[in-house]
$ cat final-v2.tsv   # TSV, C-alpha atoms and all ligand atoms
chain	number	residue	atom	x	y	z
A	1	MET	CA	-1.30	-58.70	61.45
A	2	LYS	CA	1.45	-56.16	62.03
A	3	LEU	CA	0.62	-52.46	61.66
A	4	ALA	CA	2.89	-49.50	60.92
A	5	ILE	CA	1.16	-46.25	61.86
A	6	ILE	CA	2.19	-43.07	60.02
A	7	GLY	CA	0.78	-40.08	61.93
A	8	TYR	CA	-0.17	-40.50	65.57
A	9	GLY	CA	-2.51	-37.69	66.65
A	10	ASN	CA	-6.19	-37.74	67.63
A	11	VAL	CA	-7.16	-40.58	65.29
A	12	GLY	CA	-4.01	-42.68	65.77
A	13	ARG	CA	-4.33	-42.64	69.54
A	14	ALA	CA	-8.08	-43.39	69.40
A	15	LEU	CA	-7.32	-46.32	67.09
A	16	VAL	CA	-4.80	-47.76	69.53
A	17	ARG	CA	-7.37	-47.48	72.36
A	18	LEU	CA	-9.88	-49.35	70.19
A	19	LEU	CA	-7.38	-52.06	69.22
A	20	ARG	CA	-6.65	-52.62	72.92
A	21	GLN	CA	-10.36	-52.89	73.69
A	22	LYS	CA	-10.87	-55.52	70.96
A	23	ARG	CA	-7.52	-57.31	71.11
A	24	ARG	CA	-8.91	-60.72	72.15
A	25	GLU	CA	-11.17	-60.99	69.09
A	26	PHE	CA	-8.91	-59.02	66.72
A	27	PRO	CA	-5.25	-59.43	67.65
A	28	PHE	CA	-3.22	-56.78	65.79
A	29	THR	CA	0.37	-55.90	66.68
A	30	ILE	CA	1.69	-52.36	66.30
A	31	THR	CA	5.29	-52.55	65.14
A	32	GLY	CA	5.90	-48.90	64.31
A	33	ILE	CA	4.76	-45.33	64.91
A	34	HIS	CA	6.13	-42.51	62.75
A	35	THR	CA	5.34	-38.82	63.34
A	36	LEU	CA	6.47	-35.44	62.07
A	37	ARG	CA	7.82	-33.75	65.23
A	38	HIS	CA	7.51	-36.45	67.88
A	39	GLY	CA	9.93	-38.99	66.47
A	40	THR	CA	9.63	-42.63	65.45
A	41	ALA	CA	9.24	-45.85	67.44
A	42	VAL	CA	9.88	-49.25	65.85
A	43	ASP	CA	9.98	-52.79	67.20
A	44	ALA	CA	9.27	-55.52	64.66
A	45	GLY	CA	8.25	-57.76	67.59
A	46	GLY	CA	5.56	-55.29	68.73
A	47	LEU	CA	5.64	-51.98	70.62
A	48	SER	CA	4.76	-52.12	74.33
A	49	GLU	CA	1.86	-50.14	75.79
A	50	SER	CA	4.27	-47.83	77.56
A	51	VAL	CA	5.69	-46.88	74.17
A	52	THR	CA	2.34	-46.44	72.40
A	53	ASP	CA	1.14	-44.31	75.36
A	54	ALA	CA	4.23	-42.07	75.27
A	55	ALA	CA	4.04	-38.45	74.14
A	56	ASP	CA	7.34	-38.62	72.27
A	57	PHE	CA	9.16	-41.44	70.53
A	58	GLY	CA	12.79	-42.03	69.59
A	59	VAL	CA	14.85	-40.41	66.88
A	60	ARG	CA	12.77	-39.80	63.78
A	61	ALA	CA	13.37	-42.25	60.91
A	62	ALA	CA	15.18	-40.53	58.04
A	63	SER	CA	12.36	-41.36	55.61
A	64	VAL	CA	9.01	-43.08	55.50
A	65	GLU	CA	10.64	-45.81	53.39
A	66	GLU	CA	13.19	-46.49	56.14
A	67	PHE	CA	10.37	-46.55	58.71
A	68	LEU	CA	8.23	-48.99	56.71
A	69	GLU	CA	11.17	-51.34	56.09
A	70	ALA	CA	12.10	-51.40	59.77
A	71	SER	CA	8.53	-52.01	60.93
A	72	ARG	CA	8.19	-55.27	58.95
A	73	ALA	CA	4.46	-54.65	59.00
A	74	GLN	CA	1.87	-56.05	56.58
A	75	VAL	CA	-0.31	-52.94	56.82
A	76	ALA	CA	0.49	-49.21	56.70
A	77	VAL	CA	-2.09	-47.09	58.54
A	78	GLU	CA	-1.81	-43.56	57.13
A	79	LEU	CA	-3.18	-40.99	59.61
A	80	THR	CA	-1.22	-37.84	58.83
A	81	THR	CA	-2.56	-34.32	58.52
A	82	LEU	CA	-4.83	-33.41	55.60
A	83	ASN	CA	-3.32	-31.33	52.81
A	84	PRO	CA	-6.36	-30.52	50.64
A	85	SER	CA	-4.27	-28.75	47.96
A	86	THR	CA	-2.13	-31.72	46.98
A	87	GLY	CA	-2.96	-34.77	49.10
A	88	GLU	CA	0.75	-34.95	49.93
A	89	PRO	CA	2.81	-36.25	51.61
A	90	ALA	CA	0.10	-38.82	52.39
A	91	ALA	CA	-0.11	-40.04	48.79
A	92	ALA	CA	3.67	-40.56	48.75
A	93	HIS	CA	3.43	-42.49	52.05
A	94	ILE	CA	0.75	-44.70	50.51
A	95	ARG	CA	2.82	-45.30	47.38
A	96	ALA	CA	5.85	-46.22	49.51
A	97	ALA	CA	3.72	-48.81	51.34
A	98	ILE	CA	2.17	-50.24	48.18
A	99	ALA	CA	5.65	-50.52	46.62
A	100	ARG	CA	6.55	-52.75	49.60
A	101	ARG	CA	3.41	-54.84	49.03
A	102	MET	CA	1.77	-53.59	52.18
A	103	HIS	CA	-1.98	-53.07	52.49
A	104	VAL	CA	-2.92	-49.46	53.17
A	105	VAL	CA	-5.71	-48.13	55.38
A	106	THR	CA	-6.09	-44.37	55.68
A	107	ALA	CA	-8.45	-41.82	57.25
A	108	ASN	CA	-6.85	-39.10	55.13
A	109	LYS	CA	-9.17	-37.91	52.35
A	110	GLY	CA	-6.39	-35.98	50.57
A	111	PRO	CA	-4.97	-38.91	48.58
A	112	VAL	CA	-8.46	-40.17	47.68
A	113	ALA	CA	-9.48	-36.68	46.58
A	114	HIS	CA	-6.37	-36.20	44.42
A	115	SER	CA	-5.08	-39.56	43.25
A	116	TYR	CA	-7.72	-42.24	43.84
A	117	ALA	CA	-7.68	-43.97	40.46
A	118	ALA	CA	-3.87	-44.16	40.31
A	119	LEU	CA	-3.54	-45.45	43.90
A	120	ARG	CA	-6.32	-48.00	43.38
A	121	ASP	CA	-4.59	-49.32	40.25
A	122	GLU	CA	-1.14	-49.41	41.89
A	123	ALA	CA	-2.59	-51.34	44.84
A	124	ALA	CA	-4.34	-53.78	42.51
A	125	CYS	CA	-1.09	-54.37	40.57
A	126	ALA	CA	0.74	-55.06	43.83
A	127	GLY	CA	-2.03	-57.41	45.02
A	128	VAL	CA	-2.79	-55.37	48.16
A	129	ASP	CA	-5.82	-53.48	49.49
A	130	PHE	CA	-6.18	-49.69	49.60
A	131	ARG	CA	-8.99	-48.76	52.04
A	132	PHE	CA	-10.26	-45.39	53.28
A	133	GLU	CA	-13.70	-45.86	54.88
A	134	SER	CA	-13.26	-43.19	57.56
A	135	SER	CA	-12.10	-40.47	55.16
A	136	VAL	CA	-15.57	-39.05	54.46
A	137	MET	CA	-17.98	-39.96	57.27
A	138	ASP	CA	-15.84	-41.37	60.08
A	139	GLY	CA	-17.02	-44.90	60.89
A	140	ALA	CA	-20.40	-44.73	59.16
A	141	PRO	CA	-20.42	-46.91	56.05
A	142	VAL	CA	-20.12	-45.01	52.80
A	143	PHE	CA	-17.59	-46.78	50.61
A	144	ASN	CA	-18.00	-50.19	52.25
A	145	LEU	CA	-21.79	-49.85	51.98
A	146	TRP	CA	-21.28	-49.27	48.32
A	147	ARG	CA	-18.71	-52.00	47.86
A	148	HIS	CA	-20.65	-54.70	49.68
A	149	THR	CA	-24.37	-54.00	49.32
A	150	MET	CA	-25.15	-52.11	46.10
A	151	PRO	CA	-24.35	-54.42	43.17
A	152	GLY	CA	-25.28	-53.00	39.76
A	153	VAL	CA	-26.34	-49.60	41.10
A	154	LYS	CA	-25.09	-46.47	39.34
A	155	VAL	CA	-24.59	-43.32	41.42
A	156	LEU	CA	-26.15	-40.36	39.65
A	157	GLY	CA	-25.26	-37.91	42.39
A	158	PHE	CA	-25.01	-37.29	46.11
A	159	THR	CA	-25.90	-34.65	48.68
A	160	GLY	CA	-24.10	-34.48	52.00
A	161	VAL	CA	-23.56	-32.50	55.17
A	162	LEU	CA	-20.09	-33.81	55.82
A	163	ASN	CA	-18.17	-31.26	57.89
A	164	SER	CA	-18.76	-31.47	61.63
A	165	THR	CA	-16.70	-28.39	62.53
A	166	SER	CA	-18.77	-25.98	60.44
A	167	LYS	CA	-21.92	-27.42	61.99
A	168	VAL	CA	-20.61	-26.89	65.52
A	169	VAL	CA	-19.63	-23.31	64.60
A	170	ILE	CA	-23.08	-22.54	63.12
A	171	GLU	CA	-24.86	-23.98	66.16
A	172	ALA	CA	-22.63	-21.92	68.48
A	173	MET	CA	-23.50	-18.74	66.54
A	174	GLU	CA	-27.21	-19.64	66.77
A	175	GLN	CA	-26.70	-19.55	70.56
A	176	GLY	CA	-25.16	-16.06	70.26
A	177	GLU	CA	-21.54	-17.18	70.57
A	178	SER	CA	-18.82	-15.84	68.28
A	179	PHE	CA	-17.47	-17.64	65.21
A	180	ASP	CA	-14.12	-18.16	66.98
A	181	ALA	CA	-15.78	-19.55	70.13
A	182	GLY	CA	-17.57	-22.12	67.95
A	183	LEU	CA	-14.30	-23.06	66.24
A	184	ALA	CA	-12.58	-23.43	69.62
A	185	LYS	CA	-15.41	-25.72	70.77
A	186	ALA	CA	-15.00	-27.92	67.66
A	187	ARG	CA	-11.23	-28.02	68.22
A	188	SER	CA	-11.72	-29.17	71.81
A	189	LEU	CA	-13.74	-32.13	70.47
A	190	GLY	CA	-10.72	-33.26	68.36
A	191	ILE	CA	-12.78	-33.10	65.16
A	192	THR	CA	-11.10	-30.09	63.53
A	193	GLU	CA	-8.39	-30.37	60.91
A	194	SER	CA	-4.97	-29.28	62.21
A	195	ASP	CA	-5.64	-26.06	60.27
A	196	GLY	CA	-9.25	-25.22	61.20
A	197	ALA	CA	-9.46	-22.85	58.21
A	198	TYR	CA	-9.75	-25.94	56.00
A	199	ASP	CA	-13.05	-26.76	57.71
A	200	VAL	CA	-14.70	-23.35	57.69
A	201	GLN	CA	-13.44	-22.30	54.24
A	202	GLY	CA	-14.94	-25.49	52.83
A	203	TRP	CA	-11.70	-27.27	51.85
A	204	ASP	CA	-12.43	-30.32	54.00
A	205	SER	CA	-15.86	-30.62	52.37
A	206	ALA	CA	-14.36	-30.05	48.90
A	207	ALA	CA	-11.86	-32.85	49.51
A	208	LYS	CA	-14.67	-35.16	50.68
A	209	THR	CA	-16.78	-34.20	47.66
A	210	ALA	CA	-13.91	-34.95	45.29
A	211	ALA	CA	-13.18	-38.24	47.10
A	212	LEU	CA	-16.83	-39.35	46.81
A	213	ALA	CA	-16.97	-38.39	43.14
A	214	ASN	CA	-13.69	-40.18	42.40
A	215	VAL	CA	-14.69	-43.43	44.09
A	216	LEU	CA	-18.42	-43.61	43.36
A	217	MET	CA	-18.57	-41.84	39.99
A	218	ASP	CA	-15.06	-42.34	38.56
A	219	ALA	CA	-14.76	-38.55	38.28
A	220	ARG	CA	-10.93	-38.35	38.31
A	221	THR	CA	-11.23	-34.90	39.83
A	222	THR	CA	-9.52	-32.87	42.58
A	223	PRO	CA	-10.78	-30.55	45.35
A	224	GLN	CA	-9.72	-27.56	43.23
A	225	GLN	CA	-12.36	-28.55	40.67
A	226	VAL	CA	-15.14	-28.41	43.26
A	227	THR	CA	-16.86	-25.00	43.29
A	228	THR	CA	-16.44	-24.13	46.95
A	229	ARG	CA	-17.69	-21.42	49.27
A	230	GLY	CA	-17.37	-21.99	53.02
A	231	ILE	CA	-19.04	-20.43	56.06
A	232	THR	CA	-16.47	-17.72	56.82
A	233	ARG	CA	-18.76	-14.87	55.73
A	234	LEU	CA	-21.43	-15.84	58.25
A	235	THR	CA	-21.81	-13.71	61.36
A	236	PRO	CA	-23.70	-14.50	64.59
A	237	GLU	CA	-26.16	-11.70	63.69
A	238	ARG	CA	-26.96	-13.23	60.28
A	239	VAL	CA	-27.21	-16.76	61.68
A	240	MET	CA	-29.58	-15.62	64.44
A	241	GLU	CA	-31.71	-13.73	61.89
A	242	ILE	CA	-31.97	-16.93	59.81
A	243	ALA	CA	-32.85	-18.88	62.98
A	244	ARG	CA	-35.62	-16.40	63.84
A	245	ALA	CA	-37.12	-17.15	60.40
A	246	GLY	CA	-37.24	-20.85	61.39
A	247	LYS	CA	-34.30	-21.77	59.19
A	248	THR	CA	-30.66	-22.73	59.58
A	249	VAL	CA	-27.43	-22.94	57.59
A	250	ARG	CA	-25.50	-26.06	56.61
A	251	LEU	CA	-22.35	-26.53	54.56
A	252	VAL	CA	-23.71	-28.81	51.84
A	253	SER	CA	-21.74	-30.92	49.35
A	254	ARG	CA	-23.49	-31.73	46.11
A	255	GLY	CA	-22.40	-33.90	43.19
A	256	ARG	CA	-24.39	-34.85	40.11
A	257	ARG	CA	-23.91	-36.22	36.65
A	258	THR	CA	-24.91	-33.77	33.96
A	259	SER	CA	-24.82	-33.95	30.17
A	260	GLY	CA	-21.56	-31.96	30.35
A	261	GLY	CA	-19.83	-34.19	32.94
A	262	ILE	CA	-19.87	-34.31	36.73
A	263	SER	CA	-20.81	-31.13	38.57
A	264	LEU	CA	-19.43	-30.73	42.12
A	265	ARG	CA	-19.99	-27.94	44.60
A	266	VAL	CA	-19.79	-27.03	48.29
A	267	ARG	CA	-21.92	-24.15	49.61
A	268	ALA	CA	-23.30	-22.77	52.84
A	269	GLU	CA	-27.03	-23.21	52.15
A	270	VAL	CA	-29.99	-21.74	54.05
A	271	LEU	CA	-32.36	-24.64	54.79
A	272	GLU	CA	-35.69	-25.19	56.51
A	273	ARG	CA	-35.26	-26.57	60.03
A	274	HIS	CA	-37.18	-29.71	59.09
A	275	ASP	CA	-35.10	-30.36	55.94
A	276	ILE	CA	-33.47	-33.77	56.25
A	277	LEU	CA	-30.09	-32.07	55.70
A	278	SER	CA	-30.52	-29.79	58.71
A	279	CYS	CA	-32.31	-31.76	61.40
A	280	THR	CA	-29.41	-33.78	62.85
A	281	PRO	CA	-27.67	-32.35	65.95
A	282	GLY	CA	-24.10	-31.31	66.79
A	283	THR	CA	-21.32	-33.08	64.94
A	284	SER	CA	-23.75	-35.34	63.05
A	285	ASN	CA	-23.12	-36.05	59.36
A	286	LEU	CA	-25.49	-37.22	56.67
A	287	ILE	CA	-25.19	-38.30	53.07
A	288	LEU	CA	-27.85	-39.12	50.49
A	289	PHE	CA	-26.99	-41.10	47.34
A	290	HIS	CA	-29.09	-40.52	44.25
A	291	THR	CA	-29.03	-43.69	42.13
A	292	ASP	CA	-30.58	-45.32	39.08
A	293	LEU	CA	-31.91	-48.52	40.67
A	294	MET	CA	-32.25	-47.68	44.37
A	295	GLY	CA	-33.64	-44.15	44.11
A	296	THR	CA	-32.35	-41.96	46.93
A	297	PHE	CA	-31.08	-43.53	50.12
A	298	GLY	CA	-28.45	-42.57	52.65
A	299	THR	CA	-26.37	-42.90	55.76
A	300	VAL	CA	-26.55	-40.79	58.89
A	301	SER	CA	-24.09	-40.66	61.78
A	302	ILE	CA	-25.38	-39.04	64.98
A	303	GLU	CA	-22.77	-37.09	66.95
A	304	PRO	CA	-19.66	-38.98	65.76
A	305	GLY	CA	-16.39	-38.30	67.52
A	306	VAL	CA	-12.84	-39.39	67.00
A	307	GLU	CA	-13.72	-42.87	68.33
A	308	GLN	CA	-16.00	-43.34	65.34
A	309	THR	CA	-13.20	-42.27	62.98
A	310	ALA	CA	-11.00	-44.87	64.65
A	311	TYR	CA	-13.79	-47.41	64.14
A	312	GLY	CA	-13.82	-46.62	60.41
A	313	VAL	CA	-10.11	-47.46	60.27
A	314	PHE	CA	-10.72	-50.58	62.35
A	315	SER	CA	-13.55	-51.71	60.06
A	316	ASP	CA	-11.12	-51.56	57.14
A	317	LEU	CA	-8.37	-53.36	59.07
A	318	VAL	CA	-10.53	-56.32	60.06
A	319	SER	CA	-11.76	-56.81	56.50
A	320	LEU	CA	-8.39	-56.82	54.71
A	321	ARG	CA	-8.01	-59.84	52.49
A	401	LIG	N1	-10.01	-36.11	63.83
A	401	LIG	C1	-11.09	-36.55	63.18
A	401	LIG	O1	-12.19	-36.57	63.74
A	401	LIG	C2	-10.97	-37.07	61.76
A	401	LIG	C3	-12.10	-37.60	61.13
A	401	LIG	C4	-11.98	-38.14	59.83
A	401	LIG	C5	-10.76	-38.11	59.20
A	401	LIG	N2	-9.67	-37.55	59.83
A	401	LIG	C6	-8.39	-37.53	59.12
A	401	LIG	O2	-7.47	-38.33	59.84
A	401	LIG	C7	-6.15	-37.80	59.69
A	401	LIG	C8	-5.53	-37.61	61.07
A	401	LIG	O3	-6.34	-36.72	61.82
A	401	LIG	P1	-5.95	-36.34	63.32
A	401	LIG	O4	-7.10	-35.60	63.87
A	401	LIG	O5	-5.44	-37.55	64.03
A	401	LIG	O6	-4.72	-35.34	63.04
A	401	LIG	P2	-3.64	-34.80	64.10
A	401	LIG	O7	-4.16	-34.98	65.50
A	401	LIG	O8	-3.26	-33.45	63.64
A	401	LIG	O9	-2.40	-35.80	63.91
A	401	LIG	C9	-1.68	-35.84	62.71
A	401	LIG	C10	-0.45	-36.70	62.91
A	401	LIG	O10	0.25	-36.79	61.67
A	401	LIG	C11	1.63	-36.58	61.91
A	401	LIG	N3	2.26	-36.10	60.69
A	401	LIG	C12	1.98	-34.96	60.00
A	401	LIG	N4	2.77	-34.90	58.91
A	401	LIG	C13	3.56	-36.00	58.92
A	401	LIG	C14	4.58	-36.49	58.08
A	401	LIG	N5	4.98	-35.83	56.99
A	401	LIG	N6	5.19	-37.67	58.42
A	401	LIG	C15	4.83	-38.35	59.52
A	401	LIG	N7	3.84	-37.93	60.35
A	401	LIG	C16	3.23	-36.77	60.06
A	401	LIG	C17	1.68	-35.60	63.06
A	401	LIG	O11	2.95	-35.65	63.68
A	401	LIG	P3	3.27	-34.74	64.98
A	401	LIG	O12	2.47	-35.33	66.11
A	401	LIG	O13	4.71	-34.91	65.21
A	401	LIG	O14	2.84	-33.37	64.61
A	401	LIG	C18	0.55	-36.18	63.94
A	401	LIG	O15	1.03	-37.24	64.72
A	401	LIG	C19	-6.29	-36.48	58.90
A	401	LIG	O16	-5.96	-36.71	57.55
A	401	LIG	C20	-7.77	-36.14	59.03
A	401	LIG	O17	-8.25	-35.45	57.89
A	401	LIG	C21	-9.75	-37.05	61.09
$ encode --input "final-v2.tsv" --output "structure tokens" --more "lines below"
Ligand SMILES: NC(=O)c1ccc[n+]([C@@H]2O[C@H](COP(=O)([O-])OP(=O)(O)OC[C@H]3O[C@@H](n4cnc5c(N)ncnc54)[C@H](OP(=O)(O)O)[C@@H]3O)[C@@H](O)[C@H]2O)c1
Amino acid sequence: MKLAIIGYGNVGRALVRLLRQKRREFPFTITGIHTLRHGTAVDAGGLSESVTDAADFGVRAASVEEFLEASRAQVAVELTTLNPSTGEPAAAHIRAAIARRMHVVTANKGPVAHSYAALRDEAACAGVDFRFESSVMDGAPVFNLWRHTMPGVKVLGFTGVLNSTSKVVIEAMEQGESFDAGLAKARSLGITESDGAYDVQGWDSAAKTAALANVLMDARTTPQQVTTRGITRLTPERVMEIARAGKTVRLVSRGRRTSGGISLRVRAEVLERHDILSCTPGTSNLILFHTDLMGTFGTVSIEPGVEQTAYGVFSDLVSLR
């Protein structure tokens, strides 16, 4: 299968490393790379390793449509920067691919958080797949778990600790480091959004919360409708005081069906150390699903990095129809 990659930063490069590692069993060909400031590379016969390893590519294609046409790929892999306010331009990139009857795989939660139902329906009309496993918990199964192993189960709600950056920042402050030192540490791990404020202000978590609600609960919501308060008011002094009381802080996403609709919120919550939401280390993420038939169950990912995000994209690629 031929792949056209839109956005080639931390995740895009990790994906290419993974595809190389697995190329004997899963032979994909990369026919295009399109970026914002680093140009565009296209070869419908397949880009060489020296090109995919380059820091810069050729002249930038005039539009994503021109890029997709030239790539002659069957799959568009959308890995551009998150815009939690609109989900754009990623949603437009996805629409351009679907209009060309290309499958779409994305790690970008923006389009799922803003336009899931419309994109799902457009993909279905075009007879192509729209997949986004890595958008909420990197490579750990969330949507595919749901799709493949939970027939007949209704999601009543979910609880998640889904933002690795805020967790790294809180743990740094528990060690007496500053907020900014914690953010710099998260950035060095390649797990921070290009604008780290999205992580600590709670926008990344709000987008993940909206995406989960849209896919699992047909909420048709947006991140703006998630009541959100991030961790920016926390200080090292306050975090250490909480730690001395045997507790910790986590940025928690909660969704639940109520008689009035679906309630969604993101908050920095003070939790007992032994609470299941607080006892995983470092960048670890965790989600619990509250359901009618299966009670509460969940997925946990211990210390995921960008390689696990790339795996989430890969897991979608290898299961395209
Ligand atoms: N990093 C993670 O651990 C992680 C985990 C889960 C999900 N994600 C999601 O995966 C996506 C990519 O993350 P990342 O860490 O790889 O980001 P990144 O390192 O900032 O790379 C983003 C890439 O997108 C390109 N880009 C931005 N706007 C574009 C546009 N309009 N047209 C074409 N290309 C454009 C950038 O081009 P330039 O290089 O020219 O700037 C860059 O190559 C994001 O949506 C993020 O939320 C990331």
$ closest_atom_pairs --input "final-v2.tsv" --of "chain A" --to "ligand LIG 401 (chain A)" --cutoff "8 Å" --atoms "only C-alpha atoms and all ligand atoms" --output "CSV"
residue,atom,partner,partner_atom,distance
A:Ile6,CA,A:LIG401,N7,5.4
A:Gly7,CA,A:LIG401,O10,3.3
A:Tyr8,CA,A:LIG401,O15,3.6
A:Gly9,CA,A:LIG401,O9,3.3
A:Asn10,CA,A:LIG401,O5,3.7
A:Val11,CA,A:LIG401,O5,3.7
A:Gly12,CA,A:LIG401,O5,5.6
A:Arg13,CA,A:LIG401,O5,7.6
A:His34,CA,A:LIG401,C15,5.4
A:Thr35,CA,A:LIG401,N7,3.5
A:Leu36,CA,A:LIG401,O13,3.6
A:Arg37,CA,A:LIG401,O13,3.3
A:His38,CA,A:LIG401,O13,4.2
A:Gly39,CA,A:LIG401,O13,6.7
A:Val64,CA,A:LIG401,N6,7.2
A:Glu78,CA,A:LIG401,C7,7.7
A:Leu79,CA,A:LIG401,C7,4.4
A:Thr80,CA,A:LIG401,O10,3.4
A:Thr81,CA,A:LIG401,O16,4.3
A:Leu82,CA,A:LIG401,O16,4.0
A:Asn83,CA,A:LIG401,O16,7.6
A:Pro89,CA,A:LIG401,N5,5.8
A:Ala90,CA,A:LIG401,N5,7.3
A:Thr106,CA,A:LIG401,O2,7.5
A:Ala107,CA,A:LIG401,O2,4.5
A:Asn108,CA,A:LIG401,O16,3.5
A:Lys109,CA,A:LIG401,O17,6.1
A:Gly110,CA,A:LIG401,O16,7.0
A:Ser134,CA,A:LIG401,C4,5.7
A:Ser135,CA,A:LIG401,C5,4.9
A:Val136,CA,A:LIG401,C4,6.5
A:Met137,CA,A:LIG401,C4,6.8
A:Asp138,CA,A:LIG401,C4,5.0
A:Gly190,CA,A:LIG401,N1,5.4
A:Ile191,CA,A:LIG401,O1,3.8
A:Thr192,CA,A:LIG401,N1,6.1
A:Glu193,CA,A:LIG401,O17,5.9
A:Ser194,CA,A:LIG401,O8,4.7
A:Asp204,CA,A:LIG401,O17,7.7
A:Gly305,CA,A:LIG401,O1,5.9
A:Val306,CA,A:LIG401,O1,4.4
A:Glu307,CA,A:LIG401,O1,7.9
A:Gln308,CA,A:LIG401,O1,7.9
A:Thr309,CA,A:LIG401,C3,5.1
$ closest_residue --input "final-v2.tsv" --among "A:Val42, A:Leu119, A:Leu288, A:Val104" --to "Val77 in chain A" --atoms "only C-alpha atoms"
A:Val104
$ residues_around --input "final-v2.tsv" --residues "Val318 in chain A" --least-positions-apart "6" --cutoff "12 Å" --atoms "all atoms listed in the file" --output "JSON, numbers by chain"
{"A": [1, 3, 19, 22, 23, 25, 26, 27, 28, 75, 103, 105, 129, 131, 311, 312]}
$ atom_distance --input "final-v2.tsv" --atom1 "CA of Thr283 in chain A" --atom2 "CA of Arg244 in chain A"
22.0 Å
$ closest_residue --input "final-v2.tsv" --among "A:Ala172, A:Ala76, A:Arg229, A:Gly295" --to "Phe132 in chain A" --atoms "all atoms listed in the file"
A:Ala76
$ residues_around --input "final-v2.tsv" --residues "range 206-223 of chain A" --least-positions-apart "2" --cutoff "7 Å" --atoms "all atoms listed in the file" --output "ChimeraX atom specification"
/A:84,109-110,112-114,116-117,136,155,202-204,225-226,228,253,262,266
$ closest_residue --input "final-v2.tsv" --among "A:Ser63, A:Ser178, A:Ser85, A:Ser205" --to "Thr159 in chain A" --atoms "all atoms listed in the file"
A:Ser205
$ closest_residue --input "final-v2.tsv" --among "A:Ile98, A:Val16, A:Leu145, A:Ala73" --to "Ser48 in chain A" --atoms "all atoms listed in the file"
A:Val16
$ atom_distance --input "final-v2.tsv" --atom1 "CA of Ser50 in chain A" --atom2 "CA of Phe67 in chain A"
19.9 Å
$ closest_residue --input "final-v2.tsv" --among "A:Val252, A:Ala268, A:Cys279, A:Ile170" --to "Glu237 in chain A" --atoms "all atoms listed in the file"
A:Ile170
$ closest_residue --input "final-v2.tsv" --among "A:Thr248, A:Gln224, A:Thr31, A:Thr235" --to "Asp180 in chain A" --atoms "all atoms listed in the file"
A:Thr235
$ decode --input "final-v2.tsv" --residues "range 69-79 of chain A" --atoms "N, CA, C and O atoms" --output "PDB file, in the first residue's frame"
ATOM      1  N   GLU A  69      -2.820  14.239  -4.965  1.00  0.00           N
ATOM      2  CA  GLU A  69      -2.903  13.769  -6.357  1.00  0.00           C
ATOM      3  C   GLU A  69      -1.551  13.230  -6.815  1.00  0.00           C
ATOM      4  O   GLU A  69      -1.451  12.160  -7.400  1.00  0.00           O
ATOM      5  N   ALA A  70      -0.501  14.002  -6.551  1.00  0.00           N
ATOM      6  CA  ALA A  70       0.830  13.617  -7.045  1.00  0.00           C
ATOM      7  C   ALA A  70       1.338  12.345  -6.371  1.00  0.00           C
ATOM      8  O   ALA A  70       2.069  11.565  -6.987  1.00  0.00           O
ATOM      9  N   SER A  71       0.938  12.120  -5.133  1.00  0.00           N
ATOM     10  CA  SER A  71       1.470  10.964  -4.390  1.00  0.00           C
ATOM     11  C   SER A  71       0.949   9.636  -4.928  1.00  0.00           C
ATOM     12  O   SER A  71       1.576   8.600  -4.750  1.00  0.00           O
ATOM     13  N   ARG A  72      -0.235   9.649  -5.509  1.00  0.00           N
ATOM     14  CA  ARG A  72      -0.908   8.441  -6.006  1.00  0.00           C
ATOM     15  C   ARG A  72      -1.037   7.371  -4.920  1.00  0.00           C
ATOM     16  O   ARG A  72      -0.977   6.163  -5.194  1.00  0.00           O
ATOM     17  N   ALA A  73      -1.159   7.811  -3.699  1.00  0.00           N
ATOM     18  CA  ALA A  73      -1.239   6.883  -2.571  1.00  0.00           C
ATOM     19  C   ALA A  73      -2.664   6.383  -2.361  1.00  0.00           C
ATOM     20  O   ALA A  73      -3.621   7.032  -2.776  1.00  0.00           O
ATOM     21  N   GLN A  74      -2.767   5.225  -1.682  1.00  0.00           N
ATOM     22  CA  GLN A  74      -4.104   4.721  -1.297  1.00  0.00           C
ATOM     23  C   GLN A  74      -4.501   5.210   0.091  1.00  0.00           C
ATOM     24  O   GLN A  74      -5.670   5.149   0.467  1.00  0.00           O
ATOM     25  N   VAL A  75      -3.492   5.642   0.866  1.00  0.00           N
ATOM     26  CA  VAL A  75      -3.764   6.035   2.258  1.00  0.00           C
ATOM     27  C   VAL A  75      -3.129   7.395   2.541  1.00  0.00           C
ATOM     28  O   VAL A  75      -1.955   7.616   2.219  1.00  0.00           O
ATOM     29  N   ALA A  76      -3.900   8.292   3.168  1.00  0.00           N
ATOM     30  CA  ALA A  76      -3.344   9.540   3.685  1.00  0.00           C
ATOM     31  C   ALA A  76      -3.129   9.359   5.181  1.00  0.00           C
ATOM     32  O   ALA A  76      -4.048   8.940   5.898  1.00  0.00           O
ATOM     33  N   VAL A  77      -1.909   9.662   5.640  1.00  0.00           N
ATOM     34  CA  VAL A  77      -1.592   9.558   7.069  1.00  0.00           C
ATOM     35  C   VAL A  77      -1.460  10.987   7.587  1.00  0.00           C
ATOM     36  O   VAL A  77      -0.510  11.690   7.260  1.00  0.00           O
ATOM     37  N   GLU A  78      -2.458  11.422   8.367  1.00  0.00           N
ATOM     38  CA  GLU A  78      -2.529  12.833   8.775  1.00  0.00           C
ATOM     39  C   GLU A  78      -1.872  12.995  10.157  1.00  0.00           C
ATOM     40  O   GLU A  78      -2.414  12.521  11.166  1.00  0.00           O
ATOM     41  N   LEU A  79      -0.709  13.651  10.188  1.00  0.00           N
ATOM     42  CA  LEU A  79       0.060  13.780  11.432  1.00  0.00           C
ATOM     43  C   LEU A  79       0.471  15.219  11.656  1.00  0.00           C
ATOM     44  O   LEU A  79       1.592  15.508  12.090  1.00  0.00           O
TER      45      LEU A  79
END
